[in-house]
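Visitor: Sending over a structure as structure tokens; questions will come in a sec.
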Amino acid sequence: MSLPLFLNKERWAKRGSLLAAASLLAISAGLALVPTGASAQDLTSGLTGDVDPDAEMLLESREITYDFDKDVIVATGDVQVYYDGSTVQAYQIVFDRKSGQLTARGNVIFIESNGNVVRTSELTLSEDFAEGFANALQIDTTKRTRFLAEKARREGNNVTTIENGVYTVYTKPTNPPNKPPLWRVRAEKIIHKQQEKIIRFENAAFEVYGKPIAWLPYLSMPDPTIKRKSGFLIPSGVVNDKIGYGVTVPYYWALSPHYDLTTTLTPLTKQGLFGDVQYRHRFQYGQVSFSAAGLFQAQPSEFSTSRADERWRGAVNSSASFNLSRDWTLGWDVTYKSDRQFFKDYSMASFGGGDPSEIFLEGRNDRNLLSVRAYAFQISQEDYEDSDFDADGFSPVGSSLQDKQPLVLPVIDYDYVFADPILAGELSLAANFTSLTRDETDAFSIDGGTTARFRGVDGTFSRLSLQGDWRRTFIDPLGQSFTPFAYMRGDLFFLASPDSDVTALAGESFVGRAMPAIGLEYRYPIIATFEGGNQVFEPIAQIVARPNEQRIGELPNDDAQSIVFDTTTLFDYDKFSGFDRAEGGTRLNVGLNYKLQLNSGYYLSGLFGRSYQLAGENSYATPDILGATEDSGLATTLSDYVGSLYLDTQYGVKIGAQARFDKEDFSVNRLQAQASAIYGPVVSSLAYAFLGEQPDVGIDTPREEILGSASLRLQENWRVFGSMRYDIENSNIVQDGVGIGYDDEGFSFSVSYAEDRSRNDGDSVNRTLYFRIGLRTIGNTQVSSGALN
């Protein structure tokens, strides 16, 4: 017979019935979590013992008896107690009212509301659950961690002591039941003091496959009821032929709930003591961080790159993001380093050296965006010599590379889309203001010095651009789509430059440019359904009419240097990548889009087309000061052909490709392809790139590379992996690497070796050895070599 009973906590103490015993078990069963919490996050509820005072309890058992003489209440046979989201199961529950003790016996299982499962044979608790004792405890947490204890005792509602405890993670049930875990931590005593919020391990040993490999006489961790606690973090190792051997020793300072500090000292056998400090502060509406790293080098002569052989080397960084209001964000990410190679030579720094540094203010809502940004570039490439491309009258190509980088201040972008239709169509506005300053002209030659090309002009260059776009789509009864569109764009340029004779602005303070355009786009998707799938054929045609581009070759070009003509830009109204150029003339873009979808999951899509210059001057045929457009495939009346293909088998194989084919003989001028596959134990990827020669920008030979990587799982946990980047044109391995790794649910390990021949830092080959060990719930550590030469 099952006897369900309900009562709340306040009535238990008053009535002193069996419900008091059962409810006390339900409340204080959290004590069982004390010796079995597997990680900081898992221990919280078990250590506090807090429950909802208004929660109802349900007790079920086959038999309930009350001994009036001994004042003992006994529930026997499949006893289950449900309380506040938790469940306690046992063969028998005994409550001795005289001694105030509650005992649960026989396959005691406590399932906590957060999913943790506690198992023991017997559990004894005091009536106020401040005192307790248990033997042979086991907890399995939702994070697949496990804690075993021979004995556990709780005293004074504060201190919990576990004797002969083991902490580990558990793996799949398919593993042999008696097989020891790969690793575990065994401690003679584990003490948790709630008031001090510290968990301490005494006489602990770290074991691998049941064998101790490291003894830890003292180990402590923060109380799980707090998320942050000052203390040492897991160290890592460094090996490098230029800086020597070293071990990073990080220490975390929990200064406040809102800000913290991490300091790291790394003694190096060749270069001395490397220091790193990182301060982070979180506010109600944002956060900010400040970082610094550096050292006084003991042997600066180990380095040969620019300024790397000086005594003091280091870097500072600050990043922030603040929500000024619902729509406005202010932030920055600014880095300064003492020399170009600092982050590559001292890769253990806690922050990276990514370019560019940036300050921004951004506001956005559903239809409006305003962005104000400033950029500064501090490059990593070293100066070099290449007299073949030097331009007469300008500094050598590979010299003063930092002075040739611009300071961009500001870049202002504004975009707005009108909510209400204008002339039954969509109207949007866009504006851009860019101003940049460069200390030295970046020039090169394509014919031994006679014909100069310019990537950038010294001085200050500013441009204001405004553009309005309108479009409307009509669909007729046959499903044909007609989209008329129009745009109007105006640009205002200003240039103050010592080399002003490079551009047309010599003697002119301002230059204006306007570009109106009208056009029509046509699409007709034809859907064909067959048994097993469907396919779509969609012819597309787009015509854009506008006047000729003004002042071609007479104005600076900084943001429209990249001309990539492929299917992603085939139907762009203006195929230039930025505002410094404005496509002119009347142009027709045509293509055929095809899609195939099979019910089995296969998906195929492709697009093929080309572009025609129908009237007016071809913007891509007339070179500007850089001359990148002449090799774009758009410089003739009939453009090159472009095509793309994407295949997804839904069974682990994906293939994608973009290509540009010569208009005369259909030879490949540009090809990018990538493929990835998962087949059984093999995971692989392959990428191929071919770029034809571009003599107008000084590239006289094709470039062709292939990049591949693969991982092979040898057994359930072991894998080998490798990668290679190969320059086909020059028959040269650019990068390669190989490694081996082990992974299971609680442990990961990998060793890899890599070679890099692409860096310009004085070494022909940079060799790196990387060693990593990860223990789930405890942490990761690694040892890496910066350059084993």
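FYI, nothing fancy with the structure tokens labels: chains A, B, ... in order, residues from 1 per chain, ligands from 1 as they appear.
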Excluding same-chain residues fewer than 6 positions from Gly512 of chain A, what lies within 9 Å of it counting only C-alpha atoms, as an MDAnalysis selection string?
Guide: chainID A and resid 490:493
Visitor: Could you pull the residues within 9 Å of Trp253 of chain A, counting only C-alpha atoms, minus those fewer than 2 positions along the same chain, as number ranges by chain?
Guide: A: 228-232, 251, 255-256, 260-263
Visitor: From a DSSP calculation on the backbone, collect every residue of segment 450-513 of chain A in strand (DSSP E or B) and output the set as a ChimeraX atom specification.
Guide: /A:452-456,459-471,474-475,481-496,510-513
Visitor: For Gln597 of chain A, list every protein, DNA or RNA residue within 9 Å, evaluated using only C-alpha atoms, and leave out those in the same chain fewer than 5 positions away; present the list as a PyMOL selection string.
Guide: chain A and resi 532-536+602-605
Visitor: Save out the residues we just selected, C-alpha atoms, as a PDB file, in the first residue's frame.
Guide:
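Below is the file selection_37.pdb, written as the result:
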```
ATOM      1  CA  GLY A 532      12.736  12.500 -55.837  1.00  0.00           C
ATOM      2  CA  GLY A 533      13.198  16.274 -55.763  1.00  0.00           C
ATOM      3  CA  ASN A 534      12.886  19.585 -57.553  1.00  0.00           C
ATOM      4  CA  GLN A 535      15.007  22.006 -59.513  1.00  0.00           C
ATOM      5  CA  VAL A 536      14.906  25.737 -60.273  1.00  0.00           C
ATOM      6  CA  TYR A 602      21.520  16.427 -51.672  1.00  0.00           C
ATOM      7  CA  TYR A 603      21.609  20.111 -52.563  1.00  0.00           C
ATOM      8  CA  LEU A 604      23.309  21.674 -55.595  1.00  0.00           C
ATOM      9  CA  SER A 605      23.408  25.311 -56.649  1.00  0.00           C
TER      10      SER A 605
END
```
Visitor: Nearest residue to Ser723 of chain A out of A:Gln101, A:Gln613, A:Ser752, A:Ser371, using only C-alpha atoms?
Guide: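 Selected residue with least distance to Ser723 of chain A: A:Ser752.
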Visitor: Would you list the contacts of segment 707-721 of chain A as an mmCIF file with C-alpha atoms, in the first residue's frame, taking every protein, DNA or RNA residue within 10 Å and counting only C-alpha atoms, but skipping same-chain residues closer than 6 positions in sequence?
Guide:
```cif
data_model
loop_
_atom_site.group_PDB
_atom_site.id
_atom_site.type_symbol
_atom_site.label_atom_id
_atom_site.label_comp_id
_atom_site.auth_asym_id
_atom_site.auth_seq_id
_atom_site.Cartn_x
_atom_site.Cartn_y
_atom_site.Cartn_z
ATOM 1 C CA GLN A 674 37.237 24.300 -51.079
ATOM 2 C CA ALA A 675 35.956 20.935 -49.958
ATOM 3 C CA SER A 676 35.332 19.302 -46.601
ATOM 4 C CA ALA A 677 34.425 15.725 -45.832
ATOM 5 C CA ILE A 678 33.674 13.486 -42.880
ATOM 6 C CA TYR A 679 33.867 9.816 -43.736
ATOM 7 C CA GLY A 680 34.139 7.244 -40.996
ATOM 8 C CA PRO A 681 37.192 8.068 -38.871
ATOM 9 C CA VAL A 682 38.502 10.719 -41.314
ATOM 10 C CA VAL A 683 37.783 14.447 -41.142
ATOM 11 C CA SER A 684 39.449 16.410 -43.947
ATOM 12 C CA SER A 685 39.400 19.703 -45.782
ATOM 13 C CA LEU A 686 41.062 20.893 -48.969
ATOM 14 C CA ALA A 687 41.333 24.399 -50.423
ATOM 15 C CA TYR A 688 42.816 25.455 -53.754
ATOM 16 C CA ALA A 689 43.493 28.952 -55.081
ATOM 17 C CA ASP A 727 52.956 26.810 -53.324
ATOM 18 C CA VAL A 734 54.912 27.240 -47.214
ATOM 19 C CA GLN A 735 53.578 25.710 -43.991
ATOM 20 C CA ASP A 736 53.239 22.176 -42.681
ATOM 21 C CA GLY A 737 52.420 20.488 -39.418
ATOM 22 C CA VAL A 738 51.669 17.123 -37.856
ATOM 23 C CA GLY A 739 50.446 15.967 -34.482
ATOM 24 C CA ILE A 740 48.834 13.303 -32.340
ATOM 25 C CA GLY A 741 46.081 13.691 -29.781
ATOM 26 C CA TYR A 742 44.013 11.807 -27.235
ATOM 27 C CA ASP A 743 40.502 12.858 -26.175
ATOM 28 C CA ASP A 744 37.919 11.394 -23.866
ATOM 29 C CA GLU A 745 35.223 12.820 -21.632
ATOM 30 C CA PHE A 747 41.066 14.219 -20.468
ATOM 31 C CA SER A 748 42.632 15.631 -23.610
ATOM 32 C CA PHE A 749 46.221 15.590 -24.762
ATOM 33 C CA SER A 750 47.979 16.660 -27.943
ATOM 34 C CA VAL A 751 51.492 17.138 -29.307
ATOM 35 C CA SER A 752 52.047 18.947 -32.588
#
```
Visitor: If you measure from atom CA of Pro406 of chain A to atom CA of Arg438 of chain A, what distance in Å do you get, rounded to one decimal?
Guide: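 Going from atom CA of Pro406 of chain A over to atom CA of Arg438 of chain A covers 4.5 Å.
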Visitor: Taking only C-alpha atoms into account, which of A:Gly331, A:Gly656, A:Pro539, A:Gly244 comes nearest Glu302 of chain A?
Guide: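 Once distances to Glu302 of chain A are computed over only C-alpha atoms, the minimum belongs to A:Gly244.
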Visitor: Compare A:Ala75, A:Leu216, A:Val94, A:Ala528 by their minimum atom-to-atom distance to Phe201 of chain A, counting only C-alpha atoms, and give me the closest one.
Guide: A:Leu216
Visitor: Smallest atom-to-atom distance to Arg670 of chain A: which of A:Val564, A:Ala187, A:Phe343, A:Gly698, using only C-alpha atoms?
Guide: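 For Arg670 of chain A, the nearest of the candidates is A:Val564.
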Visitor: Quick one: residues within 9 Å of Lys151 of chain A, only C-alpha atoms counted, chain neighbours fewer than 4 positions away excluded, as a list in words?
Guide: Pro35, Phe133, Ala134, Asn135, Ala136, Leu137, Thr161, Ile162, Glu163, Asn164 and Gly165 of chain A
Visitor: Which of these, A:Phe571, A:Phe510, A:Tyr594, A:Trp183, has the shortest distance to Glu538 of chain A once you count only C-alpha atoms?
Guide: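 The closest residue to Glu538 of chain A is A:Tyr594.
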Visitor: With only C-alpha atoms as the counted atoms, please give the residues lying no more than 8 Å from Gly479 of chain A, apart from itself and same-chain residues fewer than 3 positions off, as a list in words.
Guide: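 Here the answer would be Ile475, Asp476, Tyr524 and Pro525 of chain A.
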Visitor: Would you put the residues from that selection into a file with C-alpha atoms, as a PDB file, in the first residue's frame?
Guide:
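Result file follows (out-v4.pdb):
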```pdb
ATOM      1  CA  ILE A 475       5.796  40.173 -60.097  1.00  0.00           C
ATOM      2  CA  ASP A 476       3.531  39.340 -63.005  1.00  0.00           C
ATOM      3  CA  TYR A 524      12.202  34.444 -63.980  1.00  0.00           C
ATOM      4  CA  PRO A 525      12.434  31.392 -61.685  1.00  0.00           C
TER       5      PRO A 525
END
```
Visitor: List as number ranges by chain the protein and nucleic acid residues near segment 355-367 of chain A, meaning an atom at most 10 Å away when only C-alpha atoms are counted, but skip any in the same chain fewer than 2 places from it.
Guide: A: 317-336, 352-353, 369-380, 408-419, 428
Visitor: In Å, how far is it from atom CA of Leu592 of chain A to atom CA of Lys654 of chain A?
Guide: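 Atom CA of Leu592 of chain A sits 22.0 Å away from atom CA of Lys654 of chain A.
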Visitor: For Lys189 of chain A, which residue out of A:Val208, A:Val239, A:Ile111, A:Leu219 is the nearest one, using only C-alpha atoms?
Guide: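 Ranked by minimum distance to Lys189 of chain A, first place goes to A:Leu219.
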